[in-house]
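Written out below as structure tokens is the structure these notes cover.
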Amino acid sequence: MATPVIMPKQGQTVESCIITKWHKKKGERVEAGDLLFSYETDKASFDEEAKVSGILLDIFFEEGEEVPVLTNVAVIGEENEDASLYNPKKVSDNTAAVPENAEISNEVKKEEDVSQETRKPKESLQSSERIKISPRAKNLAEKLNVDYRFATPTGPEGRIIERDILELFNSGYVFTSAAKAEAKEVGNLKDVEPSGIGGRITTSDVEKAKESFKIQKSDIELSAQIIKDETEYEEAPLSNIRKTIAKAMYLSLTTTAQLTLHTSFDASNILEFRKRVKENREKLGLEDITINDIILFAVSRVLPKHKALNAHFLDDKMRYFKNVHLGFAVDTERGLMVPTIFNSNKKSLNQISKEAKELAELCRKGTINPDLLKGATFTVTNLGSFEIEGFTPVLNPPQTGILGVNTIVMRAKAQNGQISYYPAMGLSLTFDHRALDGADAARFLQDLKKWLENFELLLAC
């Protein structure tokens, strides 16, 4: 009996995955446990093994195609078995072949055309009476001030979902409130160059779209060809993780009120503590505790006393967390990842050190579960190993704060009439000014600095 192979669902928030490589070919025999194909989400890579033995009768999606989760991607069975019954693309074709009436036939034909388009924003508006959009996508469109009628639906049955709104937002179809109302009368905005703040389309831009442009398409193509011939460059498509990072950073900087405070502390105490741990770790059975582990531990203990920074800002309300779910930035070959140490305030320094290393390794291998890359209430990012003395971390909304850790530099101070030098480590706190004031953020840094300079006392608490 033929058995379909489905695209697995990795994590609660993953809606689709991209097939990166087929390890078996159509017509090949496979055994249960054989590696069938590799795929990736926007954060991690996975391999899928065959669950049954038989002939790989058909492959429905090629390498590079994006596939909704829980969709049939192939079918395994015995020779001469009919695999077409499991083909998700054929099912759509059959549905369109026997319409109940002309109106339904036209509607199905329209949805088929949409499904075969490349995923780029529409150049003309959809009829608002025929648009299918999920409530979450509609809410996101209102928040980002984009006209969802320009979105290309990729959800089930031609429905617009959240990722379609983000794709539209990233493409540049973002309006001011006044322009959004006027845009309903315009059927084509593809050539508009937004002149508003943050790349938004204004009312004057909409007016220009109502006029015919003087430059012909042929002239544009000719100019582009001349430029291409005369310019030497290399182009490479963005990876999924880079696209995700780009969207997240842009959304962060355009939808929050970010401010960064800088300070430093005397790192003598934690450097001496780490030296003693390193000398005795084997006999005590300790992890190789790093300076970053010490920072993570200290942050997990200080945050509960500053609840506005251990929180999510949700537009019209604040969500304060009882425990600290600490995200920390990990540099990988595929791009930046931020895994989460859940309930870090309840874990020892040794536990935090061990878990941080395990999560970082999963990130670098690209096999981390997507559920471990969300849910953080605060984030720590460390550029000290790159000899960075100060930077401005970017928030991960809806979090209200992110701490940047800098390198250690020697600084002078006057003590008992003498000039002495000490190792100073810089801290850079970016916070959402909508959620808390500068004094609140400064008090957090003050407490963190105090406990890092007296770290052994913090361990005793």
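Ordered as shown in the structure tokens, chains take letters A, B, and onward, while each chain numbers its residues from 1 and ligands are numbered from 1 in the order shown.
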
Find the residues near segment 32-39 of chain A: any atom within 7 Å, counting only C-alpha atoms, skip ones fewer than 4 places away on the same chain, and give them as a compact mmCIF listing (two decimals) with N, CA and C atoms, in the first residue's frame.
```
# COMPACT_ATOMS: atom_id res chain seq x y z
N CYS A 17 8.57 24.92 5.13
CA CYS A 17 9.99 24.60 5.10
C CYS A 17 10.44 24.54 3.64
N ILE A 18 11.75 24.68 3.43
CA ILE A 18 12.32 24.61 2.09
C ILE A 18 13.12 23.33 1.95
N ILE A 19 12.84 22.57 0.89
CA ILE A 19 13.60 21.35 0.61
C ILE A 19 14.96 21.76 0.05
N THR A 20 16.04 21.35 0.72
CA THR A 20 17.38 21.74 0.28
C THR A 20 18.06 20.66 -0.55
N LYS A 21 17.70 19.37 -0.29
CA LYS A 21 18.36 18.30 -1.06
C LYS A 21 17.56 17.01 -0.97
N TRP A 22 17.38 16.37 -2.11
CA TRP A 22 16.82 15.02 -2.16
C TRP A 22 17.98 14.03 -2.19
N HIS A 23 17.98 13.08 -1.27
CA HIS A 23 19.04 12.08 -1.21
C HIS A 23 18.65 10.80 -1.95
N LYS A 24 17.40 10.67 -2.34
CA LYS A 24 16.92 9.55 -3.14
C LYS A 24 16.22 10.09 -4.39
N SER A 45 18.30 23.47 10.16
CA SER A 45 18.27 22.47 9.10
C SER A 45 17.98 21.10 9.70
N PHE A 46 17.28 20.25 8.94
CA PHE A 46 16.89 18.94 9.42
C PHE A 46 17.00 17.91 8.29
N ASP A 47 17.05 16.64 8.67
CA ASP A 47 17.01 15.53 7.73
C ASP A 47 15.78 14.70 8.00
N GLU A 48 15.16 14.17 6.96
CA GLU A 48 13.98 13.33 7.10
C GLU A 48 14.30 11.93 6.59
N GLU A 49 13.99 10.93 7.42
CA GLU A 49 14.24 9.54 7.06
C GLU A 49 12.95 8.87 6.61
N ALA A 50 13.10 7.82 5.81
CA ALA A 50 11.94 7.05 5.35
C ALA A 50 11.36 6.28 6.53
N LYS A 51 10.03 6.32 6.65
CA LYS A 51 9.34 5.61 7.72
C LYS A 51 9.00 4.18 7.31
N VAL A 52 8.92 3.92 6.00
CA VAL A 52 8.57 2.59 5.49
C VAL A 52 9.53 2.22 4.36
N SER A 53 9.53 0.96 3.99
CA SER A 53 10.34 0.48 2.87
C SER A 53 9.50 0.39 1.61
```

Problem - Nearest to Ser16 of chain A, chosen from A:His312, A:Lys413, A:Arg163, A:Lys305, with only C-alpha atoms counted in the distances - result: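 The shortest atom-to-atom distance to Ser16 of chain A comes from A:Arg163.
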
Per-residue nearest contacts of segment 277-395 of chain A to segment 41-44 of chain A (9 Å; only C-alpha atoms) as CSV:
```
residue,atom,partner,partner_atom,distance
A:Arg334,CA,A:Lys43,CA,8.6
A:Gly335,CA,A:Lys43,CA,8.8
A:Met337,CA,A:Lys43,CA,7.4
A:Cys363,CA,A:Ala44,CA,7.4
A:Lys365,CA,A:Ala44,CA,8.3
A:Gly366,CA,A:Ala44,CA,4.5
A:Thr367,CA,A:Ala44,CA,5.4
A:Ile368,CA,A:Ala44,CA,6.1
A:Asn369,CA,A:Ala44,CA,7.4
A:Pro370,CA,A:Lys43,CA,6.8
A:Leu373,CA,A:Lys43,CA,8.2
```

Only N, CA and C atoms, please: the residues just picked out, written as a short mmCIF file (atom, residue, chain, number, x, y, z; two decimals), in the first residue's frame.
```
data_model
loop_
_atom_site.label_atom_id
_atom_site.label_comp_id
_atom_site.auth_asym_id
_atom_site.auth_seq_id
_atom_site.Cartn_x
_atom_site.Cartn_y
_atom_site.Cartn_z
N ARG A 334 25.54 30.36 9.43
CA ARG A 334 24.30 30.67 8.73
C ARG A 334 23.75 32.04 9.12
N GLY A 335 24.25 32.59 10.23
CA GLY A 335 23.76 33.89 10.69
C GLY A 335 23.51 33.87 12.19
N MET A 337 21.77 33.61 15.70
CA MET A 337 20.66 32.89 16.32
C MET A 337 20.61 33.26 17.79
N CYS A 363 22.87 25.37 17.66
CA CYS A 363 22.73 26.48 16.70
C CYS A 363 23.79 26.37 15.61
N LYS A 365 25.36 23.76 14.57
CA LYS A 365 25.10 22.60 13.72
C LYS A 365 23.87 22.81 12.84
N GLY A 366 23.02 23.77 13.22
CA GLY A 366 21.79 24.02 12.47
C GLY A 366 20.71 23.01 12.75
N THR A 367 20.75 22.35 13.92
CA THR A 367 19.76 21.32 14.25
C THR A 367 18.90 21.70 15.44
N ILE A 368 18.94 22.94 15.87
CA ILE A 368 18.19 23.33 17.06
C ILE A 368 16.70 23.36 16.76
N ASN A 369 15.90 22.93 17.73
CA ASN A 369 14.44 22.98 17.61
C ASN A 369 13.99 24.44 17.60
N PRO A 370 13.17 24.85 16.62
CA PRO A 370 12.73 26.25 16.56
C PRO A 370 12.06 26.75 17.84
N LEU A 373 14.18 28.77 20.09
CA LEU A 373 14.64 30.07 19.59
C LEU A 373 13.58 31.15 19.81
#
```

Practice task
Would you list the contacts of Ser84 of chain A as an MDAnalysis selection string, taking every protein, DNA or RNA residue within 10 Å and counting only C-alpha atoms, but skipping same-chain residues closer than 5 positions in sequence?
Solution key: chainID A and resid 57:58 60 75 89:91

Next, dump the selected residues to file, keeping only C-alpha atoms, as a PDB file, in the first residue's frame.
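That gives us result.pdb:
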```
ATOM      1  CA  LEU A  57       7.071   6.300  -6.572  1.00  0.00           C
ATOM      2  CA  ASP A  58       6.993  10.060  -7.003  1.00  0.00           C
ATOM      3  CA  PHE A  60       6.010  16.256  -5.665  1.00  0.00           C
ATOM      4  CA  VAL A  75       5.035   8.809  -1.830  1.00  0.00           C
ATOM      5  CA  LYS A  89      -0.771  19.722  -6.800  1.00  0.00           C
ATOM      6  CA  LYS A  90      -2.956  17.239  -8.702  1.00  0.00           C
ATOM      7  CA  VAL A  91      -5.672  17.534  -6.057  1.00  0.00           C
TER       8      VAL A  91
END
```

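Considering the residues A:Val73, A:Val324, A:Met425, A:Val405 and counting only C-alpha atoms, Pro393 of chain A has its shortest atom-to-atom contact with A:Val405.
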
I'd like the contact shell of Gln399 of chain A - 8 Å cut-off, only C-alpha atoms, skipping same-chain residues fewer than 3 positions apart - returned as a PDB file with N, CA and C atoms, in the first residue's frame.
```
ATOM      1  N   LEU A 309      11.979  45.348  32.641  1.00  0.00           N
ATOM      2  CA  LEU A 309      12.933  44.841  31.658  1.00  0.00           C
ATOM      3  C   LEU A 309      12.804  43.333  31.451  1.00  0.00           C
ATOM      4  N   ASN A 310      12.085  42.668  32.341  1.00  0.00           N
ATOM      5  CA  ASN A 310      11.789  41.244  32.164  1.00  0.00           C
ATOM      6  C   ASN A 310      10.332  41.122  31.731  1.00  0.00           C
ATOM      7  N   ALA A 311      10.048  41.717  30.568  1.00  0.00           N
ATOM      8  CA  ALA A 311       8.658  41.884  30.150  1.00  0.00           C
ATOM      9  C   ALA A 311       8.551  41.968  28.635  1.00  0.00           C
ATOM     10  N   HIS A 312       7.311  41.901  28.172  1.00  0.00           N
ATOM     11  CA  HIS A 312       6.996  42.122  26.756  1.00  0.00           C
ATOM     12  C   HIS A 312       6.072  43.334  26.658  1.00  0.00           C
ATOM     13  N   PHE A 313       6.374  44.220  25.720  1.00  0.00           N
ATOM     14  CA  PHE A 313       5.520  45.382  25.461  1.00  0.00           C
ATOM     15  C   PHE A 313       4.554  45.005  24.342  1.00  0.00           C
ATOM     16  N   ALA A 376      11.973  34.203  24.744  1.00  0.00           N
ATOM     17  CA  ALA A 376      12.872  34.938  25.650  1.00  0.00           C
ATOM     18  C   ALA A 376      12.196  36.192  26.179  1.00  0.00           C
ATOM     19  N   THR A 377      12.519  36.553  27.418  1.00  0.00           N
ATOM     20  CA  THR A 377      12.004  37.786  28.017  1.00  0.00           C
ATOM     21  C   THR A 377      13.057  38.893  28.032  1.00  0.00           C
ATOM     22  N   PHE A 378      14.309  38.529  27.779  1.00  0.00           N
ATOM     23  CA  PHE A 378      15.424  39.489  27.769  1.00  0.00           C
ATOM     24  C   PHE A 378      16.560  38.812  27.009  1.00  0.00           C
ATOM     25  N   LEU A 395      16.885  45.774  19.764  1.00  0.00           N
ATOM     26  CA  LEU A 395      15.885  45.022  20.525  1.00  0.00           C
ATOM     27  C   LEU A 395      15.298  43.860  19.724  1.00  0.00           C
ATOM     28  N   ASN A 396      14.862  42.847  20.460  1.00  0.00           N
ATOM     29  CA  ASN A 396      14.077  41.758  19.881  1.00  0.00           C
ATOM     30  C   ASN A 396      12.637  41.910  20.375  1.00  0.00           C
ATOM     31  N   ILE A 402      17.737  44.667  25.900  1.00  0.00           N
ATOM     32  CA  ILE A 402      18.807  43.793  25.433  1.00  0.00           C
ATOM     33  C   ILE A 402      20.122  44.366  25.925  1.00  0.00           C
TER      34      ILE A 402
END
```

Fill in the blank from the handout: For Asn454 of chain A, the closest of A:Asn87, A:Asn382, A:Gln415, A:Ser268 counting only C-alpha atoms is A:Ser268

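The nearest approach to Val299 of chain A among the residues A:Tyr86, A:Phe328, A:Tyr320, A:Phe61, with only C-alpha atoms taken into account, belongs to A:Phe328.
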